[in-house]
Structures are given as C-alpha cells and as structure tokens.
$ cat entry.csv   # CSV, C-alpha atoms
chain,number,residue,atom,x,y,z
Q,1,MET,CA,34.9,-42.0,47.0
Q,2,THR,CA,34.5,-39.3,49.7
Q,3,ALA,CA,31.2,-38.1,51.0
Q,4,LEU,CA,31.7,-34.7,49.3
Q,5,GLN,CA,32.4,-36.4,45.9
Q,6,LYS,CA,29.2,-38.4,46.3
Q,7,ILE,CA,27.2,-35.3,47.1
Q,8,ILE,CA,28.6,-33.5,44.1
Q,9,GLY,CA,27.7,-36.5,41.9
Q,10,TRP,CA,24.1,-36.4,43.1
Q,11,ILE,CA,23.5,-32.7,42.5
Q,12,PRO,CA,22.6,-32.9,38.7
Q,13,ALA,CA,19.8,-35.4,39.4
Q,14,LEU,CA,18.6,-33.4,42.4
Q,15,LEU,CA,18.5,-30.2,40.3
Q,16,ASP,CA,16.4,-32.0,37.7
Q,17,GLY,CA,14.0,-32.9,40.5
Q,18,ALA,CA,14.1,-29.3,41.7
Q,19,LYS,CA,12.9,-28.1,38.2
Q,20,ILE,CA,9.8,-30.3,38.5
Q,21,THR,CA,9.2,-29.1,42.1
Q,22,ILE,CA,9.5,-25.4,41.3
Q,23,LEU,CA,7.4,-25.6,38.1
Q,24,LEU,CA,4.6,-27.5,39.8
Q,25,THR,CA,4.6,-24.9,42.7
Q,26,LEU,CA,4.6,-21.9,40.4
Q,27,THR,CA,1.9,-23.2,38.0
Q,28,SER,CA,-0.3,-24.5,40.9
Q,29,VAL,CA,-0.2,-21.4,42.9
Q,30,ALA,CA,-0.8,-19.2,39.8
Q,31,ALA,CA,-3.8,-21.3,38.9
Q,32,GLY,CA,-4.9,-21.3,42.5
Q,33,ILE,CA,-5.0,-17.5,42.6
Q,34,VAL,CA,-7.3,-17.5,39.5
Q,35,ILE,CA,-9.6,-20.2,40.9
Q,36,GLY,CA,-9.5,-18.5,44.4
Q,37,LEU,CA,-10.5,-15.1,42.9
Q,38,PHE,CA,-13.7,-16.5,41.4
Q,39,LEU,CA,-14.5,-18.6,44.4
Q,40,SER,CA,-14.1,-15.7,46.8
Q,41,LEU,CA,-16.2,-13.4,44.6
Q,42,GLY,CA,-18.8,-16.2,44.4
Q,43,LYS,CA,-18.8,-16.8,48.1
Q,44,MET,CA,-19.4,-13.1,48.8
Q,45,SER,CA,-22.1,-12.8,46.1
Q,46,LYS,CA,-25.7,-12.3,47.1
Q,47,ASP,CA,-26.7,-15.2,44.8
Q,48,LYS,CA,-27.5,-17.9,47.3
Q,49,VAL,CA,-26.9,-20.8,44.9
Q,50,LEU,CA,-23.5,-19.5,43.8
Q,51,ASN,CA,-22.6,-18.7,47.4
Q,52,LYS,CA,-23.4,-22.3,48.5
Q,53,LEU,CA,-21.5,-23.9,45.7
Q,54,CYS,CA,-18.4,-21.9,46.3
Q,55,SER,CA,-18.6,-22.4,50.0
Q,56,ALA,CA,-19.0,-26.2,49.5
Q,57,TYR,CA,-16.0,-26.3,47.2
Q,58,ILE,CA,-13.8,-24.4,49.7
Q,59,PHE,CA,-15.0,-26.6,52.6
Q,60,PHE,CA,-14.3,-29.8,50.7
Q,61,PHE,CA,-10.8,-29.0,49.5
Q,62,ARG,CA,-9.7,-27.4,52.8
Q,63,GLY,CA,-11.3,-30.1,54.9
Q,64,THR,CA,-9.7,-33.2,53.2
Q,65,PRO,CA,-6.0,-34.1,52.9
Q,66,LEU,CA,-4.2,-33.0,49.8
Q,67,LEU,CA,-2.7,-36.5,49.5
Q,68,MET,CA,-6.1,-38.1,49.4
Q,69,GLN,CA,-7.2,-35.6,46.7
Q,70,LEU,CA,-4.1,-36.4,44.6
Q,71,TYR,CA,-4.7,-40.2,45.0
Q,72,PHE,CA,-8.3,-40.0,44.1
Q,73,LEU,CA,-7.7,-37.8,41.0
Q,74,TYR,CA,-4.9,-40.1,39.8
Q,75,PHE,CA,-6.0,-43.6,40.9
Q,76,GLY,CA,-9.7,-43.3,42.0
Q,77,LEU,CA,-11.4,-41.1,39.4
Q,78,PRO,CA,-10.3,-43.3,36.4
Q,79,LYS,CA,-12.0,-46.3,38.0
Q,80,ILE,CA,-15.3,-44.4,38.0
Q,81,PHE,CA,-14.8,-42.5,34.8
Q,82,PRO,CA,-12.2,-44.2,32.6
Q,83,VAL,CA,-12.3,-41.3,30.1
Q,84,LEU,CA,-10.8,-39.0,32.8
Q,85,THR,CA,-7.7,-41.1,33.2
Q,86,LEU,CA,-4.6,-38.9,33.5
Q,87,ARG,CA,-1.5,-40.6,32.2
Q,88,ASN,CA,0.6,-37.5,32.6
Q,89,LYS,CA,1.8,-37.5,36.2
Q,90,PHE,CA,2.7,-33.8,36.1
Q,91,LEU,CA,-0.8,-32.9,34.8
Q,92,ALA,CA,-2.5,-34.9,37.5
Q,93,ALA,CA,-0.4,-33.3,40.2
Q,94,PHE,CA,-1.0,-29.8,38.8
Q,95,ILE,CA,-4.7,-30.3,38.7
Q,96,ALA,CA,-4.9,-31.6,42.3
Q,97,PHE,CA,-2.6,-28.9,43.7
Q,98,ALA,CA,-4.3,-26.1,41.7
Q,99,LEU,CA,-7.8,-27.2,43.0
Q,100,ASN,CA,-6.5,-27.4,46.5
Q,101,SER,CA,-4.6,-24.1,46.4
Q,102,GLY,CA,-7.6,-22.4,44.9
Q,103,ALA,CA,-9.7,-23.2,48.0
Q,104,TYR,CA,-7.0,-21.7,50.3
Q,105,MET,CA,-6.5,-18.7,48.1
Q,106,ALA,CA,-10.2,-18.0,48.1
Q,107,GLU,CA,-10.2,-17.4,51.8
Q,108,TYR,CA,-7.0,-15.2,51.6
Q,109,ILE,CA,-8.5,-13.2,48.8
Q,110,ARG,CA,-11.9,-12.8,50.6
Q,111,ALA,CA,-10.1,-11.6,53.7
Q,112,ALA,CA,-8.1,-9.1,51.6
Q,113,ILE,CA,-11.2,-7.8,49.8
Q,114,GLN,CA,-13.1,-7.4,53.0
Q,115,SER,CA,-10.3,-5.4,54.5
Q,116,ILE,CA,-10.9,-2.6,51.9
Q,117,ASP,CA,-13.0,0.2,53.4
Q,118,LYS,CA,-16.7,-0.3,52.7
Q,119,GLY,CA,-17.1,3.3,51.8
Q,120,GLN,CA,-15.4,2.6,48.5
Q,121,LYS,CA,-18.0,0.0,47.6
Q,122,GLU,CA,-20.8,2.5,48.5
Q,123,ALA,CA,-19.1,5.2,46.4
Q,124,SER,CA,-18.8,2.8,43.4
Q,125,HIS,CA,-22.5,1.9,43.7
Q,126,ALA,CA,-23.4,5.6,43.8
Q,127,LEU,CA,-21.5,6.0,40.5
Q,128,GLY,CA,-23.7,3.2,39.0
Q,129,PHE,CA,-21.2,0.3,39.1
Q,130,ASN,CA,-22.6,-3.1,39.5
Q,131,TYR,CA,-21.2,-5.8,41.8
Q,132,TRP,CA,-18.7,-7.3,39.3
Q,133,GLN,CA,-17.5,-3.9,38.1
Q,134,THR,CA,-17.0,-2.7,41.6
Q,135,MET,CA,-14.9,-5.8,42.4
Q,136,GLY,CA,-13.0,-6.0,39.2
Q,137,LEU,CA,-12.2,-2.3,38.8
Q,138,ILE,CA,-11.9,-0.9,42.3
Q,139,ILE,CA,-11.8,-3.4,45.2
Q,140,VAL,CA,-9.7,-6.3,43.8
Q,141,PRO,CA,-6.9,-4.1,42.4
Q,142,GLN,CA,-6.5,-2.5,45.8
Q,143,SER,CA,-6.5,-5.8,47.7
Q,144,ILE,CA,-3.6,-7.3,45.6
Q,145,ARG,CA,-0.8,-5.7,47.7
Q,146,ARG,CA,-2.5,-7.0,50.9
Q,147,LEU,CA,-2.5,-10.5,49.4
Q,148,ILE,CA,1.3,-10.7,48.8
Q,149,PRO,CA,2.2,-12.1,52.3
Q,150,ALA,CA,-0.6,-14.7,52.0
Q,151,ILE,CA,0.5,-15.7,48.5
Q,152,GLY,CA,4.1,-16.0,49.8
Q,153,ASN,CA,3.0,-18.3,52.6
Q,154,GLU,CA,0.8,-20.4,50.2
Q,155,PHE,CA,3.8,-20.7,47.8
Q,156,ILE,CA,6.1,-22.1,50.6
Q,157,MET,CA,3.4,-24.5,51.7
Q,158,VAL,CA,2.8,-25.8,48.2
Q,159,LEU,CA,6.6,-26.1,47.7
Q,160,LYS,CA,6.9,-28.4,50.7
Q,161,ASP,CA,3.6,-30.3,49.9
Q,162,ALA,CA,5.0,-30.9,46.4
Q,163,SER,CA,7.0,-33.8,47.9
Q,164,LEU,CA,3.7,-35.7,48.0
Q,165,VAL,CA,3.9,-36.2,44.2
Q,166,SER,CA,6.7,-38.6,44.7
Q,167,LEU,CA,4.0,-41.1,45.8
Q,168,ILE,CA,2.7,-41.2,42.2
Q,169,ALA,CA,6.2,-41.5,40.9
Q,170,LEU,CA,6.6,-38.0,39.6
Q,171,GLU,CA,10.4,-37.2,39.6
Q,172,ASP,CA,10.5,-34.3,42.0
Q,173,ILE,CA,13.2,-33.6,44.5
Q,174,THR,CA,11.8,-36.1,47.0
Q,175,LYS,CA,11.3,-38.9,44.5
Q,176,VAL,CA,14.8,-38.4,43.1
Q,177,THR,CA,16.3,-38.4,46.6
Q,178,ARG,CA,14.5,-41.6,47.5
Q,179,SER,CA,15.6,-43.3,44.3
Q,180,ILE,CA,19.3,-42.3,44.9
Q,181,ALA,CA,19.1,-43.5,48.5
Q,182,SER,CA,17.5,-46.8,47.4
Q,183,SER,CA,20.0,-47.5,44.5
Q,184,SER,CA,23.1,-46.4,46.4
Q,185,GLY,CA,22.1,-47.5,49.9
Q,186,ASN,CA,23.3,-44.2,51.2
Q,187,GLU,CA,20.9,-42.0,53.1
Q,188,LEU,CA,23.4,-39.1,53.0
Q,189,VAL,CA,21.6,-37.9,49.9
Q,190,TYR,CA,18.9,-36.5,52.2
Q,191,VAL,CA,21.3,-33.8,53.4
Q,192,PRO,CA,21.8,-32.0,50.0
Q,193,ALA,CA,18.1,-32.6,49.3
Q,194,MET,CA,17.0,-30.7,52.4
Q,195,ILE,CA,19.6,-28.0,51.8
Q,196,LEU,CA,18.2,-27.6,48.2
Q,197,TYR,CA,14.7,-27.2,49.6
Q,198,LEU,CA,16.0,-24.6,52.1
Q,199,ILE,CA,17.8,-22.7,49.3
Q,200,ILE,CA,14.6,-22.6,47.1
Q,201,THR,CA,12.5,-21.5,50.0
Q,202,ALA,CA,15.0,-18.8,51.0
Q,203,VAL,CA,15.2,-17.4,47.5
Q,204,PHE,CA,11.4,-17.1,47.0
Q,205,SER,CA,11.0,-15.8,50.6
Q,206,VAL,CA,13.4,-12.9,49.7
Q,207,VAL,CA,11.4,-12.3,46.4
Q,208,PHE,CA,8.1,-12.1,48.2
Q,209,ASN,CA,9.5,-10.0,51.1
Q,210,ARG,CA,10.9,-7.5,48.6
Q,211,THR,CA,7.7,-7.4,46.6
Q,212,GLU,CA,5.7,-6.8,49.8
Q,213,LYS,CA,8.0,-3.9,50.8
Q,214,ARG,CA,7.8,-2.4,47.4
Q,215,PHE,CA,4.0,-2.4,47.4
Q,216,SER,CA,3.8,-1.3,51.0
Q,217,VAL,CA,5.0,2.1,49.9
Q,218,TYR,CA,1.6,2.8,48.5
Q,219,GLU,CA,-0.3,1.9,51.7
$ encode --input "entry.csv" --output "structure tokens"
Amino acid sequence: MTALQKIIGWIPALLDGAKITILLTLTSVAAGIVIGLFLSLGKMSKDKVLNKLCSAYIFFFRGTPLLMQLYFLYFGLPKIFPVLTLRNKFLAAFIAFALNSGAYMAEYIRAAIQSIDKGQKEASHALGFNYWQTMGLIIVPQSIRRLIPAIGNEFIMVLKDASLVSLIALEDITKVTRSIASSSGNELVYVPAMILYLIITAVFSVVFNRTEKRFSVYE
C-alpha cells in the first residue's frame, strides 16, 4: 500500500476527530464569551466584593495551566466531591475550556468596553440610565465589533489547545492521530493531521477576517 493510499484510508477517522475538535472549540468559546461578559462587568463594577471575586476568578484561570485545570476537573474534583464526577469526557472538557476561555474573554471584553468614549457613559447617566442599563444597551453593543479580532484569536488558541483533551482519552484529532500511529506503527499520519488543523484554522481565520471587515464599515 502506497503512502497516499494510507493517508486516504486515515482521513475518515481524522475527520471524525475534527468534528469533536471543532464542536468543543465553538461551544467553549461561545460559553467563554458569556462568562467573560459577566466577569468583565463585575470587575468594572463599583461593588468591591463583586470586583474582588471576578478579579480572583480571572487571576486563577489565567494564572494556572489549562491542562492542570482539565486534569483537576476530570480526575481531582471527583476525589474531593464524588457527586461531581463527570463521566462524559466531552462535558468535562467543555466545562474546563469554557471556564478558562471565560477568564481570557473577560479581559478582552473589558478592554473593548473601556475603549468606548467615556462621554457616552456620562450621557447615558444624564438620561437616567443605571450602570447595567448603560452597559447592556449602549456600551456593550458598540464594543462588539472591536471584540471580533480578539474572539478570532481566542478561537484559534482554543482550537490548538483542544489537543489537550486527548490526555483524558477524548477522541479529538490528536487522540485519533496517536491511536492510528500506535496501531499502524506509522508516524506518517501526523502529516495529514497537521494539514487538517491548518485547514480548519485557515477557514475560520477567513471567516473572522471577513466579519471584522464587514463590521469595520461602521467605525
């Protein structure tokens, strides 16, 4: 069997792994955006307790390795609280990645919000809007287009970090690649696997770039 025939034979399994990788990335970043929004607003709040709690969350998840967070959630936490045992590997990976992504997105969102002219906040307060109304109705909607490049970068980072889930035996691209290499004794499989990562990255990079250009028209 030629090298090309082997590569063609590996593609279906690699594509199955790609589905897991893409799904995990999309769902984790989406959840991270929601978590990050609340964290950023909390960190900018004048409520000292809320501010400290959000700051501590961001510091913890940005300051510790994602791999350790994933390991603790899947292996360590059940030892302390058996009721929190996660038997679904995808769910465990999703929670770990979403919590981690939320911390990074919080800083991106905070930077985007703070880039909006302060005069708009003052005008909204003059109209009688409270803090949450000002943020939800005026500031956050305007900051979305400035967030697109950051969201794109976060997506690519999570896409590559998703390879870590192979260490808890979730069948992503990396786990499938290692399984094929182990069973066939042929490390050539890493070539189409890396090309697949590049293709996925390129496709989503184009999507985010076009989205950014479309929204930049309104700047």
$ residues_around --input "entry.csv" --residues "Val165 (chain Q)" --least-positions-apart "4" --cutoff "9 Å" --atoms "all atoms listed in the file" --output "ChimeraX atom specification"
/Q:67,70,89-90,93,161,169-172,174-175
$ residues_near_point --input "entry.csv" --point "(15.3, -21.5, 46.1)" --cutoff "12 Å" --atoms "only C-alpha atoms" --output "ChimeraX atom specification"
/Q:15,18-19,21-23,25,155-156,159-160,193-207
$ atom_distance --input "entry.csv" --atom1 "CA of Phe94 (chain Q)" --atom2 "CA of Pro78 (chain Q)"
16.6 Å
$ closest_residue --input "entry.csv" --among "Q:Val158, Q:Leu164, Q:Ala13, Q:Leu4" --to "Ser101 (chain Q)" --atoms "only C-alpha atoms"
Q:Val158
$ residues_around --input "entry.csv" --residues "Tyr131 (chain Q)" --least-positions-apart "2" --cutoff "10 Å" --atoms "all atoms listed in the file" --output "list in words"
Leu41, Ser45, Lys46, Lys121, Ser124, His125, Gly128, Phe129, Gln133, Thr134, Met135 and Gly136 of chain Q
$ closest_atom_pairs --input "entry.csv" --of "region 76-104 of chain Q" --to "region 48-61 of chain Q" --cutoff "12 Å" --atoms "all atoms listed in the file" --output "tab-separated table"
residue	atom	partner	partner_atom	distance
Q:Ala96	CA	Q:Phe61	CA	9.7
Q:Phe97	CA	Q:Phe61	CA	10.0
Q:Ala98	CA	Q:Phe61	CA	10.6
Q:Leu99	CA	Q:Phe61	CA	7.4
Q:Asn100	CA	Q:Phe61	CA	5.5
Q:Ser101	CA	Q:Phe61	CA	8.5
Q:Gly102	CA	Q:Ile58	CA	8.1
Q:Ala103	CA	Q:Ile58	CA	4.6
Q:Tyr104	CA	Q:Ile58	CA	7.3
$ residues_around --input "entry.csv" --residues "Leu86 (chain Q)" --least-positions-apart "5" --cutoff "9 Å" --atoms "all atoms listed in the file" --output "list of chain:residue names"
Q:Leu73, Q:Tyr74, Q:Phe75, Q:Pro78, Q:Leu91, Q:Ala92
$ atom_distance --input "entry.csv" --atom1 "CA of Arg214 (chain Q)" --atom2 "CA of Ala150 (chain Q)"
15.6 Å
$ atom_distance --input "entry.csv" --atom1 "CA of Glu154 (chain Q)" --atom2 "CA of Gly42 (chain Q)"
20.9 Å
$ residues_around --input "entry.csv" --residues "Gln5 (chain Q)" --least-positions-apart "4" --cutoff "12 Å" --atoms "only C-alpha atoms" --output "count of residues only"
6
$ closest_residue --input "entry.csv" --among "Q:Ile116, Q:Ile80, Q:Val29, Q:Ala123" --to "Ile95 (chain Q)" --atoms "all atoms listed in the file"
Q:Val29
$ closest_residue --input "entry.csv" --among "Q:Tyr71, Q:Phe38, Q:Phe215, Q:Phe81" --to "Leu167 (chain Q)" --atoms "all atoms listed in the file"
Q:Tyr71
$ residues_around --input "entry.csv" --residues "Ile151 (chain Q)" --least-positions-apart "4" --cutoff "10 Å" --atoms "only C-alpha atoms" --output "ChimeraX atom specification"
/Q:29-30,32-33,104-105,108-109,144,146-147,155-157,208
$ closest_residue --input "entry.csv" --among "Q:Ala162, Q:Ala3, Q:Leu37, Q:Ala112" --to "Leu66 (chain Q)" --atoms "all atoms listed in the file"
Q:Ala162
$ closest_residue --input "entry.csv" --among "Q:Ala111, Q:Val83, Q:Ile168, Q:Ile173" --to "Ser143 (chain Q)" --atoms "all atoms listed in the file"
Q:Ala111
